[in-house]
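In what follows, a single structure is set out as structure tokens and then discussed.
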Amino acid sequence: MALRQISQRLLKQLGQRLQALPSDVAKSLPKLIAPLLGLCFFLLIWQVLAARVETSLGNFPGPTEVYEQASNLWAEHKAEMVRADAFYARQEARNEALLARNPNAEVRIRDYTGKPTFIDQIGTSLITVATGFLIGSAIAIPLGIVIGLSPTMYAAMNPVIQLLRPVSPLAWLPLVTIVVAATYQSADPLFAKSFLVSAICVLLCSLWPTLVNTAVGASSVSSDLVNVSRVLRLSKLTHIVKIVLPSSVPMIFAGLRLSLGVAWMVLIASEMLAQNPGLGKFVWDEFQNGSSQSLGRIMVAVVVIGLIGFLLDRGMLALQRAVSWDKTAILR
Amino acid sequence: MRPTSVQKQTRFTQPARSLWAAGLASLLLLGACGNKDEAASPSPQAQQTAADIAKIEKPDLKFGFIKLTDMAPLAIAYEKQYFEDEGLYVQLEAQANWKVLLDGVIGGQLDGAHMLAGQPLASTIGFGTQANIITPFSMDLNGNGITVSNAVWAAMKKNVPMKDGKPVHPISAAALKPVVDDYRSQGRPFKMGMVFPVSTHNYELRYWLAAGGLNPGYYAPDKGDTAGQIKADVLLSVTPPPQMPATLEAGTIYGYCVGEPWNQQAVIKGIGVPVITDYEIWKNNPEKVFGIREDFAEKYPNTTKAIVKALIRAAYWLDQNNNANREEAVKIISRPAYVGADQEVIANSMTGTFEYEKGDKREIPDFNVFFRYNATYPYYSDAIWYLSQMRRWGQISEARSDQWFIDTAKKVYRPDLYAAAAQDLIDEGQLQASDFPDFKTETGFKPATAEFIDGVEYDGREPNAYLQRFDIGLKGDESP
């Protein structure tokens, strides 16, 4: 019910925004000048300074080289798609030959075995971070409510949370790798081990902000509301669903937003070490390549990582705004 | 029939465009797809081997490799569709380092990998991680070099004999000895890098140093010492190959032994000078191998044979017509997904030349050998040489009989699997019997040779007698 309301409200807001777009742009044009100037200034400084940094792989890449490498990566992606089509065509021909010899032969079409391109790697990274983050949140929110409602639980859990919260993904990684290798064994695994390792590291590092925020939100429900609940003799479950959850929603979403930021940051490091074929592995592989284009390509990844992080954050912010009942609160 | 519906399938190892497009692409506004009309026709072998393809037990395979030029047979077998001709659908994946790669093969994430010759041997005897890894295919001969920093070269050059203004090669480590003594008298330990404790590079670097009178240090795994620096004049430590030039530049190490392109990289970047190639340390020494788990070969015999067939064809292609295909090979492996270094860097060694000091480029046609001289045949005597060096430097902590060396070699090196695959290729008419050793009479032992930098004779049948001939190194039942 609540979910439907939220989505309806979101859609309505989106519709209003879209209608108001032309006039909005005109109105916000003066506001755009400062950010645009800032961006141009940054690009200028970058271009000038980059040319002065000489490395063993040539000059540090400036914006022009990064643009060049970005188009290279796009061209490589397109070339790989063509190769993939040729691969499928060859498979078809092979299977037909097989069937011609033996009509009962079992044939199937396999996924393309070529190299994941930069675009595929962005996809892998997004799927990995989403998996870790969603599972993490599914653990953190209920646990946070339990902790927030019971001071005893809070006292019991707090030291553990404070102890685990600052642990770096790099410290978790060897442990997770070994545990996954020992416990996850199957002949035809659904997930690659490297994917699981990265996702679990993301989970372990990113659930804390949501957990802490949910606990704080649940423990600071207005006493008036708690009294109302008592007077109405609401059952424990109804109390949580009708009173605690709605009033802690802003805090939960603030926590989720922090968690998503942490998750994205942690992901790159985990992928680098777990060799999950996402952006982290891309950066590591390019570092190992050590060609004259490597630095430019790594910079493309840096820009894309930053951009996706920014978009994810904006997405969470929009969600947070939509579900927050206190429309006067300033969120940024 | 168009394969678009198939492309929609999703695997997390190779994520499909569709899944993330559905959920997350709205954030990015990328994701238009390429042109789908072009298609290549399958090679004639597709029809020939169609009957055999049905017998492949495990057609979907994933192989690991390290970004070095000697991974070329894997890249070529993939790009020239030799794997597909055998009905294999192989994914090649670059690995972060040798440890990750070995763990991948042991743990089953990888079905096989480009390995250091010492890795299957060490795993089988339990030095490092214990696991039964076997080798049905040897990947190449030679291909490594030893590079020192510019400062060390400047000091060392004074001790190197010159002819026509150029240093006389091969350069002995005796020229390095005064430099090391000088460093040590100033209280600075002389540090060099190699890629892995059981790597070819470790043994080659040690061989070269010891031949010049420098002790590279001993291991003592029974006493818990796996650093290999006991009684060392030169301290050796592990650095992953692609980080060698950067580590040298940072001054953490003063030299290293590594495969190509990382020696030529040092020349081109002007941060170091290669002083010797492994070809000059031991002429036509065996290098990388292709390693698989023993139980993989037992469970999937047809698959194993098919893999070896594809790899033999790839190696043959690499050396065909006197290295005529090397230019094309350079183009293929310089792609970012394979070795990824600049073409000119890779071309330097792959096309039969080697640049020592900047401008001092010399012809070494056999610097990288992939097929000639039966390079791909897994000789027992090659395995025993590696085992002998493990004993020499204490990685094998106690004396072993000659029979033990031979038995261990026979357990790991599997010329039987190689011969079966080669025989298939001969029967199919792809290759001639004359391209291979005569399988009926081949014993797996190369004739005794003294083509080492110090001229010490090696006979694979008598490893203990061989160890007795060295001044530096453990022999008999000595321990460090």
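All residue names refer to the structure tokens as shown: chains lettered A, B, ... in order, residues numbered from 1 in each chain, ligands numbered from 1 in order.
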Inset, instruction - Extract the full set of helix (DSSP H, G or I) residues from segment 91-265 of chain B according to DSSP on the backbone, and format it as a ChimeraX atom specification. - result: /B:98-107,118-125,150-157,173-175,177-185,200-211,221-223,241-249,262-265
Legend entry - Long-range neighbours of Ala322 of chain A as a PyMOL selection string, 8 Å cut-off, only C-alpha atoms, 2 positions minimum in chain: chain A and resi 6+9-10+318-320+324
Inset, instruction - Find the spatial neighbours of segment 125-132 of chain A, counting only C-alpha atoms, within a cut-off of 6 Å - ignore same-chain residues fewer than 5 positions away - and output them as number ranges by chain. - result: A: 199-200, 202-203, 278
Legend entry - segment 9-63 of chain A: residues DSSP assigns to strand (DSSP E), reported as a ChimeraX atom specification: /A:54-55,58-59
Can you write out the residues you just picked, keeping all heavy atoms, as a PDB file, in the first residue's frame?
ATOM      1  N   GLU A  54      54.964  13.984 -16.383  1.00  0.00           N
ATOM      2  CA  GLU A  54      55.489  12.960 -17.281  1.00  0.00           C
ATOM      3  C   GLU A  54      55.652  11.662 -16.536  1.00  0.00           C
ATOM      4  O   GLU A  54      56.250  11.624 -15.468  1.00  0.00           O
ATOM      5  CB  GLU A  54      56.833  13.423 -17.842  1.00  0.00           C
ATOM      6  CG  GLU A  54      56.657  14.258 -19.088  1.00  0.00           C
ATOM      7  CD  GLU A  54      57.984  14.579 -19.729  1.00  0.00           C
ATOM      8  OE1 GLU A  54      58.821  13.665 -19.783  1.00  0.00           O
ATOM      9  OE2 GLU A  54      58.160  15.731 -20.146  1.00  0.00           O
ATOM     10  N   THR A  55      55.099  10.605 -17.091  1.00  0.00           N
ATOM     11  CA  THR A  55      55.222   9.294 -16.456  1.00  0.00           C
ATOM     12  C   THR A  55      55.975   8.373 -17.408  1.00  0.00           C
ATOM     13  O   THR A  55      56.264   8.745 -18.542  1.00  0.00           O
ATOM     14  CB  THR A  55      53.847   8.671 -16.182  1.00  0.00           C
ATOM     15  OG1 THR A  55      53.288   8.264 -17.435  1.00  0.00           O
ATOM     16  CG2 THR A  55      52.913   9.647 -15.508  1.00  0.00           C
ATOM     17  N   GLY A  58      54.219   7.879 -20.736  1.00  0.00           N
ATOM     18  CA  GLY A  58      53.878   9.089 -21.471  1.00  0.00           C
ATOM     19  C   GLY A  58      53.244  10.100 -20.532  1.00  0.00           C
ATOM     20  O   GLY A  58      53.200   9.905 -19.325  1.00  0.00           O
ATOM     21  N   ASN A  59      52.741  11.201 -21.129  1.00  0.00           N
ATOM     22  CA  ASN A  59      52.144  12.249 -20.307  1.00  0.00           C
ATOM     23  C   ASN A  59      50.874  11.769 -19.627  1.00  0.00           C
ATOM     24  O   ASN A  59      50.187  10.893 -20.132  1.00  0.00           O
ATOM     25  CB  ASN A  59      51.799  13.465 -21.173  1.00  0.00           C
ATOM     26  CG  ASN A  59      53.007  14.347 -21.366  1.00  0.00           C
ATOM     27  OD1 ASN A  59      53.981  14.252 -20.611  1.00  0.00           O
ATOM     28  ND2 ASN A  59      52.952  15.189 -22.373  1.00  0.00           N
TER      29      ASN A  59
END
Legend entry - Within 7 Å of Ser259 of chain A using only C-alpha atoms, minus same-chain residues under 6 positions, as an MDAnalysis selection string: chainID A and resid 206:207 209:210
Give me a file of those residues, with C-alpha atoms, as a PDB file, in the first residue's frame.
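selection.pdb, freshly written:
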ATOM      1  CA  SER A 206      27.805  -1.054   3.065  1.00  0.00           C
ATOM      2  CA  LEU A 207      25.177  -2.284   5.504  1.00  0.00           C
ATOM      3  CA  PRO A 209      25.084   3.242   7.697  1.00  0.00           C
ATOM      4  CA  THR A 210      21.610   1.844   6.978  1.00  0.00           C
TER       5      THR A 210
END
Find the residues of chain A that sit at most 7 Å from chain B; for each, write down the nearest two atoms and how far apart they are in Å, to one decimal. Count only C-alpha atoms. Sort by chain, then by number going up, and give it as a tab-separated table.
residue	atom	partner	partner_atom	distance
A:Ser56	CA	B:Lys269	CA	5.8
A:Lys78	CA	B:Gly34	CA	5.0
A:Met81	CA	B:Gly34	CA	5.8
A:Val82	CA	B:Lys36	CA	6.1
A:Asp85	CA	B:Ala39	CA	6.1
A:Ala86	CA	B:Ala39	CA	4.0
A:Tyr88	CA	B:Pro3	CA	6.2
A:Ala89	CA	B:Ala39	CA	6.0
A:Arg90	CA	B:Pro42	CA	5.1
A:Ala93	CA	B:Pro42	CA	6.9
A:Arg94	CA	B:Ala46	CA	6.1
A:Ala97	CA	B:Gln47	CA	6.2
A:Leu98	CA	B:Ala50	CA	5.5
A:Asp111	CA	B:Gln7	CA	6.8
A:Thr113	CA	B:Gln91	CA	5.0
A:Gly114	CA	B:Gln91	CA	6.4
A:Lys115	CA	B:Ala337	CA	6.6
A:Pro116	CA	B:Gln14	CA	6.3
A:Asp120	CA	B:Pro15	CA	6.2
A:Gly123	CA	B:Trp20	CA	5.8
A:Thr124	CA	B:Pro15	CA	5.8
A:Ile127	CA	B:Trp20	CA	6.8
A:Ala181	CA	B:Gly107	CA	6.8
A:Phe191	CA	B:Phe12	CA	5.9
A:Ala192	CA	B:Thr13	CA	5.8
A:Gln288	CA	B:Pro242	CA	5.2
A:Asn289	CA	B:Gly340	CA	4.6
A:Gly290	CA	B:Ala341	CA	5.7
A:Ser291	CA	B:Ala341	CA	4.4
A:Ser292	CA	B:Asp342	CA	6.6
A:Leu311	CA	B:Leu27	CA	6.5
